[in-house]
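Raw coords26.pdb, PDB, C-alpha atoms:
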ATOM      1  CA  MET Y   1     -13.912  14.418 -33.946  1.00  0.00           C
ATOM      2  CA  ILE Y   2     -12.360  13.003 -37.070  1.00  0.00           C
ATOM      3  CA  ASP Y   3     -12.889   9.648 -38.747  1.00  0.00           C
ATOM      4  CA  ARG Y   4      -9.383   8.629 -39.878  1.00  0.00           C
ATOM      5  CA  GLY Y   5     -10.642   5.505 -41.622  1.00  0.00           C
ATOM      6  CA  THR Y   6      -8.811   3.050 -39.383  1.00  0.00           C
ATOM      7  CA  HIS Y   7      -9.812   4.812 -36.173  1.00  0.00           C
ATOM      8  CA  ILE Y   8     -11.713   7.724 -34.706  1.00  0.00           C
ATOM      9  CA  GLU Y   9      -9.672  10.613 -33.343  1.00  0.00           C
ATOM     10  CA  VAL Y  10     -11.054  12.925 -30.677  1.00  0.00           C
ATOM     11  CA  VAL Y  11      -9.122  15.937 -29.348  1.00  0.00           C
ATOM     12  CA  ILE Y  12     -10.104  17.143 -25.872  1.00  0.00           C
ATOM     13  CA  GLY Y  13      -8.770  19.446 -23.182  1.00  0.00           C
ATOM     14  CA  ARG Y  14      -7.695  18.381 -19.719  1.00  0.00           C
ATOM     15  CA  ALA Y  15     -10.962  19.591 -18.195  1.00  0.00           C
ATOM     16  CA  ALA Y  16     -12.885  17.148 -20.411  1.00  0.00           C
ATOM     17  CA  LEU Y  17     -10.597  14.255 -19.470  1.00  0.00           C
ATOM     18  CA  CYS Y  18     -11.017  14.988 -15.767  1.00  0.00           C
ATOM     19  CA  GLY Y  19     -14.757  15.580 -15.827  1.00  0.00           C
ATOM     20  CA  PRO Y  20     -17.920  13.533 -16.095  1.00  0.00           C
ATOM     21  CA  GLY Y  21     -18.436  14.654 -19.709  1.00  0.00           C
ATOM     22  CA  PHE Y  22     -15.471  12.606 -20.973  1.00  0.00           C
ATOM     23  CA  VAL Y  23     -17.519   9.468 -21.610  1.00  0.00           C
ATOM     24  CA  ASP Y  24     -20.246  11.545 -23.276  1.00  0.00           C
ATOM     25  CA  ILE Y  25     -17.664  12.813 -25.779  1.00  0.00           C
ATOM     26  CA  VAL Y  26     -16.567   9.239 -26.485  1.00  0.00           C
ATOM     27  CA  ALA Y  27     -20.175   8.102 -26.840  1.00  0.00           C
ATOM     28  CA  ASP Y  28     -20.883  10.930 -29.308  1.00  0.00           C
ATOM     29  CA  ALA Y  29     -17.869   9.948 -31.420  1.00  0.00           C
ATOM     30  CA  LEU Y  30     -18.907   6.295 -31.489  1.00  0.00           C
ATOM     31  CA  ALA Y  31     -22.504   7.170 -32.343  1.00  0.00           C
ATOM     32  CA  ARG Y  32     -21.338   9.389 -35.176  1.00  0.00           C
ATOM     33  CA  PHE Y  33     -18.638   7.171 -36.700  1.00  0.00           C
ATOM     34  CA  GLY Y  34     -19.336   3.623 -35.517  1.00  0.00           C
ATOM     35  CA  ALA Y  35     -17.482   1.056 -33.443  1.00  0.00           C
ATOM     36  CA  LYS Y  36     -13.885   1.697 -34.495  1.00  0.00           C
ATOM     37  CA  PRO Y  37     -10.736   1.947 -32.389  1.00  0.00           C
ATOM     38  CA  LEU Y  38     -10.635   5.314 -30.674  1.00  0.00           C
ATOM     39  CA  LEU Y  39      -7.702   7.667 -30.194  1.00  0.00           C
ATOM     40  CA  VAL Y  40      -8.297  10.369 -27.591  1.00  0.00           C
ATOM     41  CA  VAL Y  41      -5.734  13.161 -27.781  1.00  0.00           C
ATOM     42  CA  CYS Y  42      -5.678  15.230 -24.615  1.00  0.00           C
ATOM     43  CA  ASP Y  43      -4.262  18.659 -25.386  1.00  0.00           C
ATOM     44  CA  GLY Y  44      -1.856  19.531 -22.565  1.00  0.00           C
ATOM     45  CA  PRO Y  45      -3.194  17.591 -19.588  1.00  0.00           C
ATOM     46  CA  ALA Y  46      -1.661  19.034 -16.448  1.00  0.00           C
ATOM     47  CA  GLU Y  47      -3.818  17.081 -14.057  1.00  0.00           C
ATOM     48  CA  SER Y  48      -5.350  13.654 -13.717  1.00  0.00           C
ATOM     49  CA  PRO Y  49      -8.948  12.707 -12.981  1.00  0.00           C
ATOM     50  CA  ALA Y  50      -9.890  12.142  -9.351  1.00  0.00           C
ATOM     51  CA  PHE Y  51     -10.024   8.452  -8.429  1.00  0.00           C
ATOM     52  CA  VAL Y  52     -13.817   8.386  -8.226  1.00  0.00           C
ATOM     53  CA  GLN Y  53     -14.059   9.973 -11.675  1.00  0.00           C
ATOM     54  CA  ALA Y  54     -11.406   7.607 -13.058  1.00  0.00           C
ATOM     55  CA  TYR Y  55     -13.341   4.599 -11.740  1.00  0.00           C
ATOM     56  CA  ASP Y  56     -16.563   5.941 -13.232  1.00  0.00           C
ATOM     57  CA  ASN Y  57     -14.823   6.592 -16.567  1.00  0.00           C
ATOM     58  CA  GLY Y  58     -13.609   2.989 -16.663  1.00  0.00           C
ATOM     59  CA  LEU Y  59     -17.075   1.613 -15.912  1.00  0.00           C
ATOM     60  CA  LYS Y  60     -18.784   3.766 -18.511  1.00  0.00           C
ATOM     61  CA  LEU Y  61     -16.133   3.253 -21.196  1.00  0.00           C
ATOM     62  CA  ALA Y  62     -16.420  -0.500 -20.748  1.00  0.00           C
ATOM     63  CA  SER Y  63     -20.145  -0.304 -21.305  1.00  0.00           C
ATOM     64  CA  ILE Y  64     -19.968   1.633 -24.596  1.00  0.00           C
ATOM     65  CA  VAL Y  65     -16.747   0.776 -26.467  1.00  0.00           C
ATOM     66  CA  ARG Y  66     -16.343  -2.238 -28.728  1.00  0.00           C
ATOM     67  CA  ALA Y  67     -12.757  -1.649 -29.855  1.00  0.00           C
ATOM     68  CA  ARG Y  68      -9.488  -0.420 -28.351  1.00  0.00           C
ATOM     69  CA  VAL Y  69      -9.245   3.041 -26.784  1.00  0.00           C
ATOM     70  CA  ALA Y  70      -5.885   4.821 -26.585  1.00  0.00           C
ATOM     71  CA  ILE Y  71      -5.556   8.066 -24.629  1.00  0.00           C
ATOM     72  CA  ALA Y  72      -2.548  10.270 -25.449  1.00  0.00           C
ATOM     73  CA  LEU Y  73      -1.719  12.504 -22.484  1.00  0.00           C
ATOM     74  CA  GLY Y  74       0.312  15.222 -24.186  1.00  0.00           C
ATOM     75  CA  GLY Y  75       3.724  14.403 -22.746  1.00  0.00           C
ATOM     76  CA  ARG Y  76       2.708  13.398 -19.240  1.00  0.00           C
ATOM     77  CA  GLU Y  77       3.136   9.845 -17.938  1.00  0.00           C
ATOM     78  CA  PRO Y  78      -0.143   8.203 -16.940  1.00  0.00           C
ATOM     79  CA  ALA Y  79      -0.966   8.718 -13.266  1.00  0.00           C
ATOM     80  CA  GLU Y  80      -2.485   6.158 -10.912  1.00  0.00           C
ATOM     81  CA  SER Y  81      -5.982   7.431 -11.704  1.00  0.00           C
ATOM     82  CA  GLU Y  82      -5.497   6.785 -15.437  1.00  0.00           C
ATOM     83  CA  ARG Y  83      -4.263   3.299 -14.564  1.00  0.00           C
ATOM     84  CA  LEU Y  84      -7.429   2.797 -12.499  1.00  0.00           C
ATOM     85  CA  THR Y  85      -9.563   3.650 -15.551  1.00  0.00           C
ATOM     86  CA  GLU Y  86      -7.602   1.052 -17.543  1.00  0.00           C
ATOM     87  CA  LEU Y  87      -7.977  -1.590 -14.820  1.00  0.00           C
ATOM     88  CA  VAL Y  88     -11.708  -1.060 -14.397  1.00  0.00           C
ATOM     89  CA  ALA Y  89     -12.235  -1.317 -18.175  1.00  0.00           C
ATOM     90  CA  ALA Y  90      -9.933  -4.370 -18.405  1.00  0.00           C
ATOM     91  CA  ASN Y  91     -11.865  -6.118 -15.639  1.00  0.00           C
ATOM     92  CA  ARG Y  92     -14.890  -5.776 -17.896  1.00  0.00           C
ATOM     93  CA  GLY Y  93     -13.096  -7.141 -20.964  1.00  0.00           C
ATOM     94  CA  LYS Y  94     -12.215  -3.848 -22.666  1.00  0.00           C
ATOM     95  CA  ASP Y  95      -8.867  -2.541 -23.889  1.00  0.00           C
ATOM     96  CA  VAL Y  96      -8.275   1.027 -22.683  1.00  0.00           C
ATOM     97  CA  ARG Y  97      -4.742   2.406 -22.300  1.00  0.00           C
ATOM     98  CA  SER Y  98      -3.152   5.775 -21.549  1.00  0.00           C
ATOM     99  CA  PHE Y  99       0.126   6.882 -23.119  1.00  0.00           C
ATOM    100  CA  PRO Y 100       2.428   9.853 -22.578  1.00  0.00           C
ATOM    101  CA  ASP Y 101       2.585  10.689 -26.278  1.00  0.00           C
ATOM    102  CA  LEU Y 102       0.675  10.400 -29.520  1.00  0.00           C
ATOM    103  CA  SER Y 103       3.160   8.128 -31.296  1.00  0.00           C
ATOM    104  CA  ALA Y 104       2.981   5.490 -28.550  1.00  0.00           C
ATOM    105  CA  ALA Y 105      -0.817   5.627 -28.545  1.00  0.00           C
ATOM    106  CA  LYS Y 106      -0.971   5.235 -32.336  1.00  0.00           C
ATOM    107  CA  ALA Y 107       1.511   2.368 -32.283  1.00  0.00           C
ATOM    108  CA  TRP Y 108      -0.618   0.543 -29.735  1.00  0.00           C
ATOM    109  CA  LEU Y 109      -3.707   1.079 -31.858  1.00  0.00           C
ATOM    110  CA  ALA Y 110      -1.658  -0.071 -34.869  1.00  0.00           C
ATOM    111  CA  VAL Y 111      -2.802   2.847 -36.979  1.00  0.00           C
ATOM    112  CA  ASP Y 112      -0.998   4.575 -39.816  1.00  0.00           C
ATOM    113  CA  ARG Y 113       1.377   7.176 -38.350  1.00  0.00           C
ATOM    114  CA  ARG Y 114       0.721   9.523 -41.276  1.00  0.00           C
ATOM    115  CA  CYS Y 115      -2.724  10.292 -39.815  1.00  0.00           C
TER     116      CYS Y 115
END
Could I get this structure in the form of structure tokens?
Amino acid sequence: MIDRGTHIEVVIGRAALCGPGFVDIVADALARFGAKPLLVVCDGPAESPAFVQAYDNGLKLASIVRARVAIALGGREPAESERLTELVAANRGKDVRSFPDLSAAKAWLAVDRRC
């Protein structure tokens, strides 16, 4: 976890993204650094969360985040389960998006690319 000033950056592995601990990691980052936009960098995700887990992630993210959340998927296009997480969060008024690469995620967050 790193506070970049304009946003919080969290680097996780694919197991964390696909498991129930994902939202706990996000909650820890927000508790530590405050309610800033969040960039989650998933290091080499080869798989997507199961649909039930993706739905749960969307519900829980919506309940704890106050700013945008961008998830960079390490070169992989977002799967249907990642889109479900986005939809569930959006239905609760939160902005959560998944991106295939870090530059697209940072551009969406409108953060300085030098970070």
Could you check how far CA of Asp95 in chain Y sits from CA of Pro78 in chain Y, in Å to one decimal?
15.5 Å
Interatomic distance, CA of Ala105 in chain Y to CA of Leu39 in chain Y (Å, one decimal)
7.4 Å
To verify the selection step, state as a ChimeraX atom specification which residues the PyMOL selection byres ((chain Y and resi 61-65) around 12) yields on this input.
/Y:8,20-31,34-39,53-60,66-70,85-97
Quick one: distance from CA of Cys18 in chain Y to CA of Ser48 in chain Y in Å, one decimal?
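Computing it gives 6.2 Å between the two atoms.
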Nearest-residue call for Val11 in chain Y, choices Y:Ala72, Y:Val40, Y:Ala50, Y:Ala107, using all atoms listed in the file
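Among the listed residues, Y:Val40 lies closest to Val11 in chain Y.
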Per-axis box centre and lengths in Å around range 69-83 of chain Y, 3 Å margin per side, axis-aligned, as lines of an AutoDock Vina configuration file:
center_x = -2.8
center_y = 9.1
center_z = -18.8
size_x = 19.0
size_y = 18.2
size_z = 21.9
Using all atoms listed in the file, which of the listed residues (Y:Val52, Y:Gly74, Y:His7, Y:Leu17) sits closest to Ser103 in chain Y?
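Nearest to Ser103 in chain Y: Y:Gly74.
Using all atoms listed in the file, the nearest neighbour of Asp101 in chain Y within the list Y:Arg76, Y:Arg4, Y:Arg14, Y:Arg83 is Y:Arg76.
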Kindly indicate which residue among Y:Glu77, Y:Glu82, Y:Asp3, Y:Glu47 lies nearest to Arg32 in chain Y, using all atoms listed in the file for the distances.
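That would be Y:Asp3, the residue with the smallest distance to Arg32 in chain Y.
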For range 17-60 of chain Y in the structure I just supplied, write out N, CA and C atoms - as a short mmCIF file (atom, residue, chain, number, x, y, z; two decimals), in the first residue's frame.
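Resulting contents of selection.cif:
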data_model
loop_
_atom_site.label_atom_id
_atom_site.label_comp_id
_atom_site.auth_asym_id
_atom_site.auth_seq_id
_atom_site.Cartn_x
_atom_site.Cartn_y
_atom_site.Cartn_z
N LEU Y 17 -7.44 -10.94 -5.54
CA LEU Y 17 -8.53 -10.38 -6.33
C LEU Y 17 -9.71 -11.35 -6.40
N CYS Y 18 -9.43 -12.63 -6.45
CA CYS Y 18 -10.46 -13.64 -6.61
C CYS Y 18 -11.04 -14.14 -5.29
N GLY Y 19 -10.48 -13.71 -4.18
CA GLY Y 19 -10.92 -14.24 -2.90
C GLY Y 19 -11.70 -13.24 -2.06
N PRO Y 20 -12.23 -13.73 -0.96
CA PRO Y 20 -13.02 -12.88 -0.07
C PRO Y 20 -12.19 -11.82 0.66
N GLY Y 21 -10.88 -11.96 0.68
CA GLY Y 21 -10.03 -10.99 1.36
C GLY Y 21 -9.78 -9.72 0.57
N PHE Y 22 -10.22 -9.66 -0.68
CA PHE Y 22 -9.98 -8.49 -1.53
C PHE Y 22 -10.53 -7.21 -0.89
N VAL Y 23 -11.75 -7.24 -0.43
CA VAL Y 23 -12.37 -6.05 0.15
C VAL Y 23 -11.69 -5.69 1.47
N ASP Y 24 -11.20 -6.67 2.20
CA ASP Y 24 -10.47 -6.39 3.43
C ASP Y 24 -9.20 -5.60 3.15
N ILE Y 25 -8.52 -5.94 2.06
CA ILE Y 25 -7.31 -5.22 1.65
C ILE Y 25 -7.66 -3.77 1.32
N VAL Y 26 -8.74 -3.58 0.58
CA VAL Y 26 -9.19 -2.23 0.24
C VAL Y 26 -9.57 -1.46 1.51
N ALA Y 27 -10.28 -2.10 2.40
CA ALA Y 27 -10.69 -1.44 3.64
C ALA Y 27 -9.47 -1.03 4.47
N ASP Y 28 -8.46 -1.89 4.53
CA ASP Y 28 -7.23 -1.56 5.25
C ASP Y 28 -6.55 -0.33 4.65
N ALA Y 29 -6.48 -0.28 3.33
CA ALA Y 29 -5.85 0.86 2.66
C ALA Y 29 -6.61 2.16 2.95
N LEU Y 30 -7.92 2.10 2.90
CA LEU Y 30 -8.73 3.29 3.16
C LEU Y 30 -8.62 3.73 4.62
N ALA Y 31 -8.58 2.76 5.52
CA ALA Y 31 -8.43 3.10 6.94
C ALA Y 31 -7.08 3.74 7.22
N ARG Y 32 -6.08 3.28 6.52
CA ARG Y 32 -4.72 3.78 6.73
C ARG Y 32 -4.50 5.16 6.10
N PHE Y 33 -5.02 5.37 4.89
CA PHE Y 33 -4.70 6.58 4.14
C PHE Y 33 -5.86 7.53 3.91
N GLY Y 34 -7.07 7.14 4.24
CA GLY Y 34 -8.21 8.03 4.06
C GLY Y 34 -8.99 7.75 2.79
N ALA Y 35 -10.02 8.54 2.57
CA ALA Y 35 -10.95 8.34 1.46
C ALA Y 35 -10.45 9.02 0.19
N LYS Y 36 -9.46 8.43 -0.43
CA LYS Y 36 -8.92 8.93 -1.70
C LYS Y 36 -9.28 7.95 -2.80
N PRO Y 37 -9.16 8.38 -4.07
CA PRO Y 37 -9.30 7.41 -5.16
C PRO Y 37 -8.31 6.26 -4.95
N LEU Y 38 -8.70 5.09 -5.39
CA LEU Y 38 -7.92 3.89 -5.15
C LEU Y 38 -7.55 3.23 -6.46
N LEU Y 39 -6.28 2.91 -6.61
CA LEU Y 39 -5.78 2.16 -7.76
C LEU Y 39 -5.32 0.80 -7.25
N VAL Y 40 -5.99 -0.25 -7.71
CA VAL Y 40 -5.62 -1.62 -7.36
C VAL Y 40 -4.89 -2.21 -8.55
N VAL Y 41 -3.64 -2.59 -8.34
CA VAL Y 41 -2.83 -3.18 -9.40
C VAL Y 41 -2.74 -4.67 -9.12
N CYS Y 42 -3.34 -5.45 -10.00
CA CYS Y 42 -3.32 -6.90 -9.84
C CYS Y 42 -2.16 -7.45 -10.65
N ASP Y 43 -1.20 -8.02 -9.97
CA ASP Y 43 0.02 -8.53 -10.56
C ASP Y 43 -0.23 -9.87 -11.26
N GLY Y 44 -0.41 -9.83 -12.57
CA GLY Y 44 -0.55 -11.04 -13.37
C GLY Y 44 -1.80 -11.85 -13.15
N PRO Y 45 -2.99 -11.24 -13.22
CA PRO Y 45 -4.19 -12.03 -12.99
C PRO Y 45 -4.50 -12.97 -14.15
N ALA Y 46 -4.46 -14.25 -13.90
CA ALA Y 46 -4.76 -15.22 -14.94
C ALA Y 46 -6.21 -15.68 -14.88
N GLU Y 47 -6.87 -15.39 -13.79
CA GLU Y 47 -8.25 -15.83 -13.64
C GLU Y 47 -9.09 -14.70 -13.09
N SER Y 48 -10.39 -14.88 -13.19
CA SER Y 48 -11.34 -13.89 -12.72
C SER Y 48 -12.04 -14.44 -11.49
N PRO Y 49 -12.61 -13.55 -10.67
CA PRO Y 49 -13.39 -14.03 -9.53
C PRO Y 49 -14.63 -14.80 -10.00
N ALA Y 50 -15.08 -15.73 -9.19
CA ALA Y 50 -16.35 -16.40 -9.47
C ALA Y 50 -17.47 -15.35 -9.38
N PHE Y 51 -18.59 -15.61 -10.03
CA PHE Y 51 -19.67 -14.62 -10.06
C PHE Y 51 -20.19 -14.27 -8.67
N VAL Y 52 -20.31 -15.26 -7.80
CA VAL Y 52 -20.78 -14.98 -6.45
C VAL Y 52 -19.80 -14.07 -5.73
N GLN Y 53 -18.50 -14.35 -5.88
CA GLN Y 53 -17.48 -13.51 -5.25
C GLN Y 53 -17.47 -12.12 -5.87
N ALA Y 54 -17.64 -12.02 -7.17
CA ALA Y 54 -17.67 -10.73 -7.85
C ALA Y 54 -18.85 -9.89 -7.37
N TYR Y 55 -20.01 -10.52 -7.21
CA TYR Y 55 -21.18 -9.82 -6.69
C TYR Y 55 -20.92 -9.31 -5.27
N ASP Y 56 -20.38 -10.19 -4.45
CA ASP Y 56 -20.05 -9.82 -3.07
C ASP Y 56 -19.03 -8.69 -3.01
N ASN Y 57 -18.02 -8.75 -3.88
CA ASN Y 57 -17.02 -7.68 -3.94
C ASN Y 57 -17.68 -6.34 -4.28
N GLY Y 58 -18.59 -6.35 -5.23
CA GLY Y 58 -19.28 -5.11 -5.60
C GLY Y 58 -20.11 -4.54 -4.46
N LEU Y 59 -20.83 -5.42 -3.76
CA LEU Y 59 -21.62 -4.98 -2.61
C LEU Y 59 -20.74 -4.36 -1.52
N LYS Y 60 -19.68 -5.07 -1.18
CA LYS Y 60 -18.82 -4.61 -0.09
C LYS Y 60 -18.03 -3.36 -0.47
#
